[in-house]
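Raw work-v7.txt, compact mmCIF, C-alpha atoms:
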# COMPACT_ATOMS: atom_id res chain seq x y z
CA MET A 1 87.14 -98.76 -42.10
CA THR A 2 89.04 -99.10 -38.82
CA ALA A 3 88.59 -96.70 -35.92
CA GLY A 4 91.95 -95.12 -36.65
CA GLU A 5 91.12 -94.53 -40.31
CA TYR A 6 87.76 -93.02 -39.38
CA GLN A 7 89.39 -90.68 -36.85
CA PHE A 8 92.07 -89.59 -39.32
CA SER A 9 89.44 -88.86 -41.99
CA ALA A 10 87.32 -86.93 -39.50
CA MET A 11 90.38 -84.92 -38.42
CA LEU A 12 91.11 -83.93 -42.04
CA LEU A 13 87.46 -83.01 -42.67
CA MET A 14 87.25 -80.78 -39.58
CA ALA A 15 90.58 -79.15 -40.43
CA LEU A 16 89.37 -78.47 -43.97
CA LEU A 17 86.12 -76.96 -42.68
CA THR A 18 88.08 -74.74 -40.28
CA LEU A 19 90.34 -73.55 -43.09
CA THR A 20 87.34 -72.92 -45.37
CA LEU A 21 85.63 -70.81 -42.71
CA ALA A 22 88.80 -68.82 -42.08
CA VAL A 23 89.26 -68.06 -45.78
CA VAL A 24 85.61 -67.05 -46.25
CA LEU A 25 85.49 -64.87 -43.13
CA MET A 26 88.61 -62.94 -44.18
CA ARG A 27 86.92 -61.88 -47.42
CA ARG A 28 85.74 -58.27 -47.59
CA GLU A 29 82.47 -59.37 -49.15
CA VAL A 30 81.34 -60.84 -45.80
CA ASN A 31 79.57 -57.94 -44.14
CA GLY A 32 78.24 -57.69 -40.62
CA ALA A 33 80.00 -58.19 -37.31
CA ASP A 34 77.32 -60.71 -36.34
CA VAL A 35 78.06 -62.95 -39.34
CA LYS A 36 81.82 -62.74 -38.86
CA GLY A 37 81.57 -63.27 -35.11
CA SER A 38 79.33 -66.27 -35.63
CA GLY A 39 81.74 -67.66 -38.22
CA TRP A 40 84.78 -67.39 -35.94
CA LEU A 41 82.89 -69.14 -33.12
CA LEU A 42 81.99 -71.89 -35.56
CA ALA A 43 85.61 -72.12 -36.74
CA GLY A 44 86.71 -72.48 -33.11
CA GLY A 45 84.31 -75.39 -32.71
CA THR A 46 85.53 -77.20 -35.82
CA LEU A 47 89.16 -76.61 -34.80
CA LEU A 48 88.53 -78.26 -31.41
CA LEU A 49 86.88 -81.19 -33.16
CA SER A 50 89.88 -81.52 -35.45
CA ILE A 51 92.24 -81.61 -32.43
CA HIS A 52 89.93 -84.11 -30.74
CA PHE A 53 89.99 -86.53 -33.67
CA TYR A 54 93.77 -86.14 -33.97
CA LEU A 55 94.28 -87.11 -30.31
CA GLN A 56 91.86 -90.02 -30.62
CA HIS A 57 93.84 -91.24 -33.62
CA ALA A 58 97.24 -90.69 -31.99
CA LEU A 59 96.38 -92.27 -28.62
CA GLY A 60 94.44 -95.18 -30.15
CA PHE A 61 92.06 -95.77 -27.22
CA ARG A 62 89.34 -97.20 -29.47
CA ASP A 63 91.63 -99.66 -31.22
CA ALA A 64 93.02 -100.75 -27.84
CA GLY A 65 89.48 -101.40 -26.57
CA GLU A 66 89.74 -98.73 -23.86
CA LEU A 67 86.27 -97.27 -24.48
CA HIS A 68 86.03 -95.44 -21.13
CA LYS A 69 89.19 -93.46 -21.92
CA SER A 70 87.90 -92.77 -25.44
CA VAL A 71 84.61 -91.44 -24.03
CA PHE A 72 86.58 -89.38 -21.48
CA LEU A 73 88.53 -87.73 -24.32
CA ASN A 74 85.31 -87.20 -26.29
CA LEU A 75 83.73 -85.28 -23.44
CA ILE A 76 86.84 -83.19 -22.79
CA PHE A 77 86.82 -81.82 -26.36
CA ILE A 78 83.32 -82.28 -27.78
CA LEU A 79 81.58 -80.40 -24.95
CA PRO A 80 83.40 -77.06 -25.56
CA ALA A 81 83.27 -77.62 -29.34
CA ALA A 82 79.50 -78.12 -29.14
CA TRP A 83 79.18 -74.99 -26.97
CA LEU A 84 81.08 -72.91 -29.54
CA ILE A 85 79.00 -74.27 -32.42
CA ASN A 86 75.73 -73.55 -30.61
CA MET A 87 76.92 -70.10 -29.58
CA SER A 88 77.73 -69.37 -33.21
CA MET A 89 74.11 -70.13 -34.08
CA ILE A 90 72.74 -67.94 -31.27
CA PHE A 91 75.18 -65.15 -32.18
CA LEU A 92 73.97 -65.28 -35.78
CA LEU A 93 70.25 -65.40 -34.94
CA ARG A 94 70.53 -62.59 -32.37
CA LYS A 95 72.77 -60.36 -34.53
CA GLY A 96 75.47 -60.56 -31.89
CA GLU A 97 73.22 -59.63 -28.97
CA VAL A 98 73.97 -62.52 -26.61
CA ARG A 99 73.12 -62.32 -22.91
CA LEU A 100 75.90 -62.66 -20.34
CA TRP A 101 74.46 -65.83 -18.77
CA GLU A 102 74.34 -67.46 -22.21
CA TRP A 103 78.07 -66.83 -22.61
CA LEU A 104 78.83 -68.11 -19.11
CA ALA A 105 76.54 -71.16 -18.96
CA GLY A 106 78.69 -73.28 -21.28
CA PRO A 107 82.07 -72.61 -19.61
CA LEU A 108 80.48 -73.09 -16.18
CA VAL A 109 79.05 -76.48 -17.16
CA TYR A 110 82.39 -77.39 -18.73
CA GLY A 111 84.21 -76.52 -15.48
CA VAL A 112 81.82 -78.69 -13.46
CA ALA A 113 82.24 -81.49 -16.01
CA LEU A 114 86.04 -81.35 -15.73
CA VAL A 115 85.85 -81.61 -11.95
CA ILE A 116 83.55 -84.63 -12.20
CA LEU A 117 85.70 -86.35 -14.84
CA ILE A 118 88.91 -85.78 -12.89
CA ALA A 119 87.26 -86.99 -9.69
CA GLY A 120 86.07 -90.09 -11.53
CA LYS A 121 89.48 -90.79 -13.07
CA LEU A 122 91.28 -90.39 -9.74
CA GLU A 123 88.43 -92.12 -7.84
CA VAL A 124 88.48 -89.40 -5.21
CA VAL A 125 85.31 -90.80 -3.69
CA GLU A 126 84.51 -94.48 -3.44
CA TRP A 127 81.31 -94.47 -5.48
CA MET A 128 82.66 -92.32 -8.34
CA ASN A 129 84.71 -94.09 -10.98
CA LEU A 130 85.50 -93.04 -14.56
CA ASN A 131 82.52 -94.92 -16.01
CA ARG A 132 80.02 -93.20 -13.69
CA ALA A 133 81.70 -89.84 -14.23
CA ASN A 134 81.27 -90.28 -17.99
CA HIS A 135 77.56 -91.00 -17.50
CA VAL A 136 77.00 -87.95 -15.28
CA VAL A 137 78.87 -85.59 -17.59
CA SER A 138 77.17 -86.93 -20.72
CA ALA A 139 73.75 -86.27 -19.16
CA LEU A 140 74.87 -82.77 -18.14
CA TYR A 141 76.21 -82.22 -21.65
CA GLY A 142 72.95 -83.30 -23.30
CA ILE A 143 70.81 -81.08 -21.03
CA THR A 144 73.04 -78.05 -21.68
CA LEU A 145 72.89 -78.49 -25.45
CA LEU A 146 69.11 -78.92 -25.39
CA LEU A 147 68.85 -75.63 -23.45
CA TYR A 148 70.86 -73.85 -26.15
CA ASN A 149 68.75 -75.57 -28.83
CA ALA A 150 65.57 -74.25 -27.20
CA LEU A 151 66.96 -70.70 -27.27
CA GLU A 152 67.90 -71.13 -30.94
CA PHE A 153 64.45 -72.39 -31.94
CA ILE A 154 62.84 -69.41 -30.17
CA GLU A 155 65.06 -66.97 -32.07
CA LEU A 156 64.44 -68.75 -35.38
CA LYS A 157 60.69 -68.43 -34.82
CA ARG A 158 61.12 -64.67 -34.33
CA ILE A 159 63.16 -64.35 -37.52
CA ARG A 160 60.52 -66.25 -39.49
CA GLN A 161 57.85 -63.93 -38.10
CA ALA A 162 59.88 -60.87 -39.13
CA LEU A 163 60.38 -62.26 -42.64
CA ASP A 164 56.68 -63.13 -42.98
CA ASN A 165 55.72 -59.58 -42.01
CA PHE A 166 58.04 -57.95 -44.53
CA TYR A 167 58.78 -60.23 -47.51
CA ASP A 168 56.81 -62.68 -49.60
CA GLN A 169 56.92 -66.35 -48.63
CA SER A 170 59.95 -67.15 -50.80
CA MET A 171 62.25 -65.64 -48.16
CA ARG A 172 61.39 -68.52 -45.83
CA TYR A 173 63.07 -70.92 -48.21
CA ARG A 174 66.33 -68.98 -47.93
CA ILE A 175 66.62 -69.88 -44.27
CA ARG A 176 65.44 -73.49 -44.37
CA TRP A 177 69.02 -74.54 -43.66
CA LEU A 178 68.82 -72.88 -40.26
CA GLY A 179 65.88 -75.07 -39.25
CA VAL A 180 67.58 -78.21 -40.55
CA SER A 181 70.83 -77.31 -38.76
CA LEU A 182 68.99 -76.79 -35.47
CA LYS A 183 67.28 -80.17 -35.78
CA LEU A 184 70.62 -81.85 -36.46
CA LEU A 185 72.21 -80.12 -33.46
CA ALA A 186 69.25 -81.23 -31.33
CA LEU A 187 69.79 -84.79 -32.58
CA VAL A 188 73.42 -84.59 -31.44
CA ALA A 189 72.31 -83.32 -28.02
CA LEU A 190 69.79 -86.15 -27.60
CA SER A 191 72.00 -88.93 -28.93
CA SER A 192 75.13 -88.06 -26.95
CA PRO A 193 73.95 -89.19 -23.47
CA ILE A 194 72.16 -92.20 -24.99
CA THR A 195 75.39 -93.19 -26.73
CA ILE A 196 77.39 -92.93 -23.50
CA PHE A 197 74.83 -94.75 -21.35
CA PHE A 198 74.05 -97.58 -23.75
CA GLY A 199 76.91 -97.28 -26.22
CA SER A 200 79.29 -99.91 -27.45
CA LYS A 201 82.05 -100.10 -30.02
CA PHE A 202 79.30 -100.31 -32.66
CA VAL A 203 77.21 -97.38 -31.40
CA LEU A 204 80.01 -94.85 -30.93
CA PRO A 205 80.92 -94.73 -34.65
CA ILE A 206 77.27 -94.03 -35.49
CA PHE A 207 77.27 -91.11 -33.05
CA GLY A 208 80.50 -89.88 -34.63
CA ILE A 209 78.91 -89.95 -38.07
CA ILE A 210 75.89 -87.97 -36.77
CA VAL A 211 78.26 -85.32 -35.37
CA LEU A 212 80.25 -85.11 -38.61
CA VAL A 213 77.18 -84.88 -40.85
CA SER A 214 75.58 -82.22 -38.61
CA VAL A 215 78.70 -80.05 -38.45
CA TYR A 216 79.48 -80.48 -42.15
CA TYR A 217 75.93 -79.47 -43.17
CA TYR A 218 75.94 -76.46 -40.85
CA VAL A 219 79.34 -75.20 -42.03
CA LEU A 220 78.56 -75.74 -45.71
CA CYS A 221 75.27 -73.83 -45.46
CA PHE A 222 76.86 -71.12 -43.34
CA VAL A 223 79.54 -70.52 -45.99
CA CYS A 224 76.84 -70.21 -48.68
CA PHE A 225 74.93 -67.84 -46.38
CA CYS A 226 78.03 -65.65 -45.94
CA VAL A 227 78.50 -65.09 -49.67
CA SER A 228 74.80 -64.48 -50.39
CA GLU A 229 72.58 -61.46 -49.69
CA SER A 230 70.39 -63.43 -47.26
CA ALA A 231 72.13 -62.04 -44.15
CA TYR A 232 71.45 -58.48 -45.32
CA LEU A 233 67.81 -59.23 -46.17
CA ILE A 234 67.20 -60.82 -42.76
CA SER A 235 68.82 -57.81 -41.09
CA VAL A 236 66.52 -55.44 -42.98
CA ALA A 237 63.43 -57.43 -41.96
CA LYS A 238 64.43 -57.44 -38.28
CA GLU A 239 65.18 -53.71 -38.32
CA GLU A 240 61.84 -52.99 -39.97
CA GLU A 241 60.08 -55.12 -37.34
CA GLU A 242 61.82 -53.21 -34.54
CA GLU A 243 60.83 -49.93 -36.21
CA GLU A 244 57.24 -51.11 -36.50
CA VAL A 245 57.15 -51.89 -32.77
CA ARG A 246 58.31 -48.34 -32.03
CA ILE A 247 55.54 -46.80 -34.14
CA VAL A 248 52.63 -45.59 -32.04
CA LEU A 249 49.49 -46.41 -33.99
CA PRO A 250 46.94 -43.61 -34.09
CA GLU A 251 44.00 -44.37 -31.84
CA THR A 252 40.72 -44.63 -33.69
CA GLN A 253 37.82 -42.66 -32.31
CA ASP A 254 35.01 -45.11 -33.08
CA LYS A 255 33.90 -47.98 -35.29
CA HIS A 256 32.95 -45.55 -38.04
CA THR A 257 36.56 -44.36 -38.27
CA ASP A 258 37.79 -47.97 -38.43
CA SER A 259 35.32 -48.69 -41.21
CA ASP A 260 36.45 -45.64 -43.19
CA GLN A 261 40.10 -46.66 -42.86
CA ASN A 262 39.36 -50.24 -43.92
CA GLN A 263 37.51 -48.96 -46.96
CA ARG A 264 40.47 -46.75 -47.79
CA VAL A 265 42.85 -49.74 -47.56
CA GLU A 266 40.58 -52.02 -49.60
CA GLN A 267 40.21 -49.38 -52.32
CA ALA A 268 43.99 -48.92 -52.44
CA ILE A 269 44.48 -52.71 -52.63
CA ARG A 270 42.03 -53.02 -55.53
CA LYS A 271 43.80 -50.31 -57.53
CA TRP A 272 47.17 -51.87 -56.73
CA MET A 273 46.01 -55.31 -57.86
CA GLU A 274 44.58 -53.84 -61.07
CA LYS A 275 48.12 -52.64 -61.81
CA ARG A 276 49.37 -56.19 -61.00
CA GLY A 277 51.50 -54.92 -58.14
CA HIS A 278 50.98 -58.16 -56.20
CA LEU A 279 52.54 -60.17 -59.04
CA LYS A 280 55.96 -58.51 -58.89
CA THR A 281 58.72 -60.89 -57.87
CA GLY A 282 60.40 -60.09 -54.55
CA ILE A 283 57.75 -57.60 -53.40
CA THR A 284 58.04 -56.37 -49.80
CA ILE A 285 55.39 -54.79 -47.63
CA GLN A 286 57.29 -51.49 -47.86
CA ASN A 287 57.15 -51.62 -51.67
CA ALA A 288 53.43 -52.42 -51.49
CA VAL A 289 52.42 -49.50 -49.24
CA GLU A 290 54.52 -47.07 -51.28
CA GLU A 291 52.71 -48.13 -54.44
CA MET A 292 49.32 -48.07 -52.68
CA GLN A 293 50.14 -44.65 -51.16
CA ILE A 294 48.84 -45.57 -47.73
CA PRO A 295 50.58 -45.69 -44.30
CA ARG A 296 52.17 -49.02 -43.58
CA TYR A 297 50.41 -49.45 -40.23
CA LEU A 298 47.03 -49.40 -42.00
CA LEU A 299 47.94 -52.30 -44.30
CA VAL A 300 49.51 -54.24 -41.41
CA ARG A 301 46.39 -53.81 -39.29
CA TRP A 302 44.10 -54.71 -42.19
CA ILE A 303 46.06 -57.92 -42.96
CA LYS A 304 46.02 -58.90 -39.27
CA GLY A 305 42.25 -58.70 -39.42
CA THR A 306 42.13 -61.29 -42.22
CA GLU A 307 42.64 -65.05 -42.05
CA TYR A 308 46.18 -64.62 -43.43
CA GLU A 309 47.47 -62.43 -40.55
CA VAL A 310 50.90 -61.72 -42.11
CA PHE A 311 52.00 -60.15 -45.39
CA SER A 312 53.71 -63.24 -46.82
CA ARG A 313 50.67 -65.51 -46.48
CA TRP A 314 48.34 -62.84 -47.89
CA ILE A 315 50.51 -62.11 -50.94
CA THR A 316 50.99 -65.84 -51.55
CA HIS A 317 47.21 -66.33 -51.50
CA LEU A 318 46.74 -63.58 -54.09
CA ARG A 319 49.38 -65.14 -56.35
CA VAL A 320 47.93 -68.63 -56.07
CA GLU A 321 44.48 -67.28 -56.96
CA GLU A 322 45.93 -65.62 -60.07
CA ALA A 323 47.76 -68.84 -60.93
CA LYS A 324 44.50 -70.79 -60.66
CA ARG A 325 42.84 -68.30 -63.01
CA LEU A 326 45.63 -68.58 -65.59
CA LEU A 327 45.75 -72.38 -65.44
CA ALA A 328 41.99 -72.62 -65.94
CA ALA A 329 41.95 -70.10 -68.79
CA HIS A 330 45.06 -71.27 -70.65
CA ALA A 331 45.46 -75.01 -71.08
CA ASP A 332 48.67 -74.44 -73.05
CA TYR A 333 50.45 -72.49 -70.31
CA SER A 334 53.46 -74.24 -68.77
CA ASN A 335 54.33 -74.15 -65.08
CA GLU A 336 57.29 -71.89 -65.84
CA ALA A 337 55.07 -69.38 -67.64
CA VAL A 338 52.51 -69.29 -64.83
CA ALA A 339 55.19 -69.00 -62.15
CA TYR A 340 56.76 -66.06 -64.00
CA GLU A 341 53.41 -64.33 -64.58
CA CYS A 342 52.38 -64.67 -60.93
CA GLY A 343 55.60 -63.45 -59.32
CA PHE A 344 56.97 -66.74 -58.01
CA SER A 345 60.76 -66.90 -57.89
CA SER A 346 61.03 -70.32 -59.56
CA ARG A 347 58.97 -73.14 -61.03
CA SER A 348 59.82 -75.54 -58.18
CA TYR A 349 58.84 -72.97 -55.56
CA PHE A 350 55.57 -72.29 -57.41
CA GLN A 351 54.74 -76.00 -57.64
CA LYS A 352 55.43 -76.53 -53.94
CA ILE A 353 53.33 -73.56 -52.81
CA PHE A 354 50.49 -74.35 -55.22
CA LYS A 355 50.18 -77.91 -53.92
CA GLU A 356 50.29 -76.71 -50.31
CA GLN A 357 47.46 -74.26 -51.00
CA THR A 358 45.23 -76.39 -53.24
CA GLY A 359 46.15 -80.01 -52.54
CA MET A 360 46.90 -80.49 -56.26
CA THR A 361 49.88 -79.88 -58.52
CA PRO A 362 49.45 -77.13 -61.12
CA VAL A 363 49.25 -79.78 -63.88
CA GLU A 364 46.53 -81.70 -61.99
CA TYR A 365 44.55 -78.51 -61.45
CA GLN A 366 44.94 -77.47 -65.08
CA THR A 367 43.84 -80.91 -66.31
CA LYS A 368 40.83 -80.92 -64.00
CA LYS A 369 39.66 -77.49 -65.19
CA THR A 370 40.23 -78.42 -68.85
CA HIS A 371 38.10 -81.58 -68.52
CA ALA A 372 35.40 -79.67 -66.64
CA SER A 373 35.16 -77.00 -69.32
CA SER A 374 35.05 -79.52 -72.18
CA SER A 375 32.35 -81.71 -70.63

Transcribe the structure of this file into structure tokens.
Amino acid sequence: MTAGEYQFSAMLLMALLTLTLAVVLMRREVNGADVKGSGWLLAGGTLLLSIHFYLQHALGFRDAGELHKSVFLNLIFILPAAWLINMSMIFLLRKGEVRLWEWLAGPLVYGVALVILIAGKLEVVEWMNLNRANHVVSALYGITLLLYNALEFIELKRIRQALDNFYDQSMRYRIRWLGVSLKLLALVALSSPITIFFGSKFVLPIFGIIVLVSVYYYVLCFVCFCVSESAYLISVAKEEEEEEVRIVLPETQDKHTDSDQNQRVEQAIRKWMEKRGHLKTGITIQNAVEEMQIPRYLLVRWIKGTEYEVFSRWITHLRVEEAKRLLAAHADYSNEAVAYECGFSSRSYFQKIFKEQTGMTPVEYQTKKTHASSS
């Protein structure tokens, strides 16, 4: 594939992604100003990339061997496109609550970059030519994107904590795409200055492919996220976490009071487990305390005092223990049957969690227990 053919294909792909985002975001089913705002920022980024690839194709710098001009055009368009794409991620993770300096940092860096690129192209100063200007701006571009990536990873960690405190562990798997997208965006940030500093006509296409794959994956997953209930569930978890922070926990008078409260919680947990409450699929901590008939803060404090610390890890431990019991007692039980009985959302999720917890697959564990009982 020639450079021109690659650029034309990339232009069509970015245009198609922009159109897809626009169609999805105009649907009534997409709820939440944060999701829509994030989507329009993302659409702005893909639109800029589409224009960028069109100009690269039309001007033909790569085919003419004018790599410095091609890199110059890359930086003019990819820097604001990358800022919009990263802002869409921050906007989504923060539910629209973006600080003023986070909005301004990208445009400010872009303004400085334009001044440097223009100075390099016009050779305003003797030591600054277009090649050096490209190097300086690419380094500035990479540092800026890594800063935004750091903010995104911090916010993702907070969301995971909120989900762990409210839902069972299966909710984590609904947002795996966010972690993968952030890693891909970080790869783009790291590879961009390296490509400019040490790039050649062979390296630049590889960087282009990395950008396309990263953006395509992010947009595809974002569209699926928009039409699912995941955004609502994450919003509920974050609101519950904020509510929990506002709750003033009653101060205990002495160790005897703490002991009495722990006994109350443990008794409620035993009764709840006897009714198989922990094996219900999709259980939340709010569901659990309502069925146990105890204040939520008591269960939260009790779990924090265990090795599991958060609700999701504790409930997963209980389910794995029940799965181990069923596998040992019933050699004829399939993975699907055990997963269903123990509240796991799917067989594949059950198998993954079971191996993480025990170091063995369910089949290996079942076989081991069967051999042990028959010997």

Neighbouring residues of Leu146 in chain A were defined as those with any atom within 9 Å, considering all atoms listed in the file; residues of the same chain fewer than 6 positions away were excluded. Please report them as number ranges by chain. A: 185-186, 189-190

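In this model, the gap between CA of Tyr216 in chain A and CA of Phe350 in chain A comes to 29.5 Å.
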
Taking only C-alpha atoms into account, name the residue in A:Ala10, A:Val215, A:Ala113, A:Ala139 that is nearest to Ala81 in chain A. A:Val215

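When only C-alpha atoms are used to compute distances to Asp168 in chain A, the closest of the residues A:Trp83, A:Phe207, A:Phe311, A:Tyr333 turns out to be A:Phe311.
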
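CA of Asn335 in chain A to CA of Gln169 in chain A spans 18.4 Å [interatomic distance, one decimal].
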
Can you tell me which residues surround Ala3 in chain A at a distance of at most 10 Å, considering all atoms listed in the file, apart from same-chain residues fewer than 4 positions away, and format the answer as a PyMOL selection string? chain A and resi 7-9+56-57+60-63+201+205

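In this comparison, which uses all atoms listed in the file, the residue of A:Leu147, A:Ile159, A:Ala119, A:Cys226 approaching Met171 in chain A most closely is A:Ile159.
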
Take every atom of range 140-153 of chain A listed in the file, fit an axis-aligned box around them, add 5 Å per side, and give the centre and edge lengths in Å to one decimal as AutoDock Vina command-line options.
--center_x 70.3 --center_y -77.0 --center_z -25.0 --size_x 21.8 --size_y 22.6 --size_z 23.8

Neighbours of Leu92 in chain A within 7 Å (only C-alpha atoms; same-chain residues fewer than 2 positions away dropped), as an MDAnalysis selection string? chainID A and resid 34:35 38 88:90 94:96

Within 10 Å of Thr358 in chain A using only C-alpha atoms, minus same-chain residues under 3 positions, as a VMD selection string: chain A and resid 320 to 321 324 353 to 355 361 to 362 365

Write to file, as a PDB file, in the coordinates of the input, the residues of the selection just made, with C-alpha atoms.
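Written file, out-v5.pdb:
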ATOM      1  CA  VAL A 320      47.930 -68.630 -56.070  1.00  0.00           C
ATOM      2  CA  GLU A 321      44.480 -67.280 -56.960  1.00  0.00           C
ATOM      3  CA  LYS A 324      44.500 -70.790 -60.660  1.00  0.00           C
ATOM      4  CA  ILE A 353      53.330 -73.560 -52.810  1.00  0.00           C
ATOM      5  CA  PHE A 354      50.490 -74.350 -55.220  1.00  0.00           C
ATOM      6  CA  LYS A 355      50.180 -77.910 -53.920  1.00  0.00           C
ATOM      7  CA  THR A 361      49.880 -79.880 -58.520  1.00  0.00           C
ATOM      8  CA  PRO A 362      49.450 -77.130 -61.120  1.00  0.00           C
ATOM      9  CA  TYR A 365      44.550 -78.510 -61.450  1.00  0.00           C
TER      10      TYR A 365
END

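Among the candidates A:Ala58, A:Val265, A:Leu19, A:Ala328, the residue lying nearest to His371 in chain A is A:Ala328 (atoms considered: only C-alpha atoms).
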